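Q: Right, I'll just put the structure down here and ask away after.
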Amino acid sequence: MQRTPVKALLSATQPSDDVLVQGWVRTRRDSKAFSFIEINDGSCLKGVQVIADATLPDYPEVSRAATGASIEVRGQLVASKGQGQQWEVVARTLKVLGEADATYPLQKKGHSLEFLREIAHLRPRSNLFGAVFRVRSRLAFAIHEFFQSRGFLYVHTPIITGSDCEGAGELFRVSTLDPKAPPLTPEGKVDYAQDFFARPTFLTVSGQLEAEAFATALANVYTFGPTFRAENSNTSRHAAEFWMIEPEMAFCDLWGNMDLAESFVKHLVRDAREHCAADLEFFGNFVDKGLSARLDFVLDRPFQRCSYTEAIEILNRSGRTWEHPVQWGDNLQSEHERFLAEEHFRGPVTVHDYPRTLKPFYMRVNDDGRTVRAMDLLVPGIGEIIGGSQREERLPILEEAMRAHHLSPADYGWYLDLRRYGTVPHAGFGLGFERLLMFVTGVGNIRDVIPFARTPGNAAY
Ligand code: 4AD
Ligand code: MG
């Protein structure tokens with residue numbers, strides 16, 4: 001007999017004579033005549049209540065069914081007489097598959113997130129993390145649905161790469177050389193010509209450059225995969241390994257790019273609302289009271305747009321004293337991004353046309369010569385969740401931008417070919433999947449929306 005997921009039991013439309021439930025015990029209450037056991041199997045937030053009558057032949061098993069134990073129950077699905085649930089299972093047979101003793105760390109609610117991070121292998125069994133990872137799974141699916149239904153092709157860009165797309169030098173090296181005695185060049189440098197790939201290689205920080213090659217052949221493409229940054233920032237929004245979604249569109253400019261980003265984010269919020277309603281309600285009750293109103297607001301209003309130059313004026317007119325004062329040419333810090341999204345625009349805002357000195361080499365240079373066609377989508381509570389741009393499609397200007405960023409055009413011959421042969425205006429962006437999940441769930445730390453977080457000093461598991 002096949003098990004029925006708890007979710008299906010709880011949404012049953014009629015009773016059933018014979019069902020099989022398998023899962024983990026959340027709680028058990030014993031009285032003289034019965035035991036009530038709540039079983040959760042991760043299919044939904046709620047567990048199903050099982051009633052085990054003390055006269056059952058299997059009743060001695062019940063005493064072994066402690067919190068955390070895995071059990072299987074066969075019995076009848078009946079309308080519940082008790083409060084708080086519509087259906088319950090009256091056990092006919094009950095078997096403990098794996099016991100859990102009193103050292104099981106998730107005995108009751110009320111553990112801190114910090115503690116739960118230290119048991120990342122067990123935390124998916126808690127309400128909060130079950131909900132987070134159901135939403136994560138659903139939205140991963142919704143991402144493919146969004147692009148596939150619009151005719152975008154999914155491209156698998158490499159994870160090991162020789163290029164530093166963002167030019168920020170935050171690369172994890174991939175090498176099989178002996179770290180104690182690497183081969184050296186006559187100048188005394190490590191000789192990567194003798195390494196596995198016969199050249200220096202790294203974990204990718206972004207699939208964009210390769211996505212551009214496919215967009216200039218297949219027109220509309222997207223990537224969705226892991227990216228890696230050896231960024232030594234110990235913040236609640238930075239991970240060393242995170243997932244990024246990167247659409248890339250030929251025949252598209254910055255405005256088309258912003259339109260896509262807005263429909264994309266709205267689609268994902270709407271999808272989570274529709275398919276993860278119970279989990280979002282849980283987040284609204286226990287994580288972030290303002291969540292529901294904030295998500296409504298995101299769906300109801302067009303995203304605001306403002307140039308970097310305007311943003312600097314807004315910040316300087318605000319009358320605030322900033323920890324990091326800003327002038328034209330400075331990077332926006334988290335406090336500035338959050339002020340714009342939370343207090344000034346009070347909702348998502350796309351800041352565009354940044355100084356070229358702040359952005360990577362590939363962004364299209366504006367006629368003013370000092371700004372580029374960049375866009376960052378900032379949202380309340382988090383700041384940047386999307387970074388993107390229209391790309392520089394003009395060969396000589398791109399070569400010059402590379403030199404200005406201390407990159408050698410000779411190392412990027414294949415990328416420049418995309419401009420040599422049939423170049424077109426094109427644009428794309430990257431959405432940080434974990435940042436989106438933080439936004440949709442209200443969870444405040446990136447470590448809590450990724451199964452096994454990798455952050456500076458931490459790669460347990
Ligand atoms: O703004 P970024 O660096 O843009 C790019 O990588 C472009 N190549 C994307 C493109 O145009 N195809 O990163 C994009 C997004 C950020 O807005 C942020 O949401 C997320 O990736 N991100 C991180 N998320 C978690 N931890 C980190 N260390 C992140 N760095 C960037
Ligand atoms: Mg960025």
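We label chains A, B, ... in the order they appear in the structure tokens, count residues from 1 in each chain, and number ligands from 1 in the order shown.
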DSSP on the backbone: which residues in stretch 202-255 of chain A end up as strand (DSSP E or B)? Give the answer as a VMD selection string.

A: chain A and resid 202 to 203 220 to 228 241 to 250

Q: Going by DSSP on the backbone, which bits of stretch 294-424 of chain A are alpha helix (DSSP H)? Write them as a PyMOL selection string, please.

A: chain A and resi 294-300+308-317+334-338+395-404+413-420

Q: So which one's closest to ligand 2, A:Leu77, A:Leu9, A:Ile385, A:Val190? Using only C-alpha atoms and all ligand atoms, please.

A: A:Ile385

Q: Neighbours of A:Phe433 within 8 Å (only C-alpha atoms; same-chain residues fewer than 6 positions away dropped), as a list of chain:residue names?

A: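 The neighbour list is A:Phe242, A:Trp243, A:Met244, A:Ile245.
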
Q: Report as a tab-separated table the residues of chain A within 8 Å of ligand 2, each with its shortest atom pair and distance in Å (one decimal), using only C-alpha atoms and all ligand atoms, ordered by chain and increasing residue number.

A:
residue	atom	partner	partner_atom_place_in_ligand_line	distance
A:Asp376	CA	ligand 2	1 (Mg)	6.6
A:Glu384	CA	ligand 2	1 (Mg)	7.0
A:Ile386	CA	ligand 2	1 (Mg)	6.8
A:Gly387	CA	ligand 2	1 (Mg)	4.4
A:Gly388	CA	ligand 2	1 (Mg)	7.4
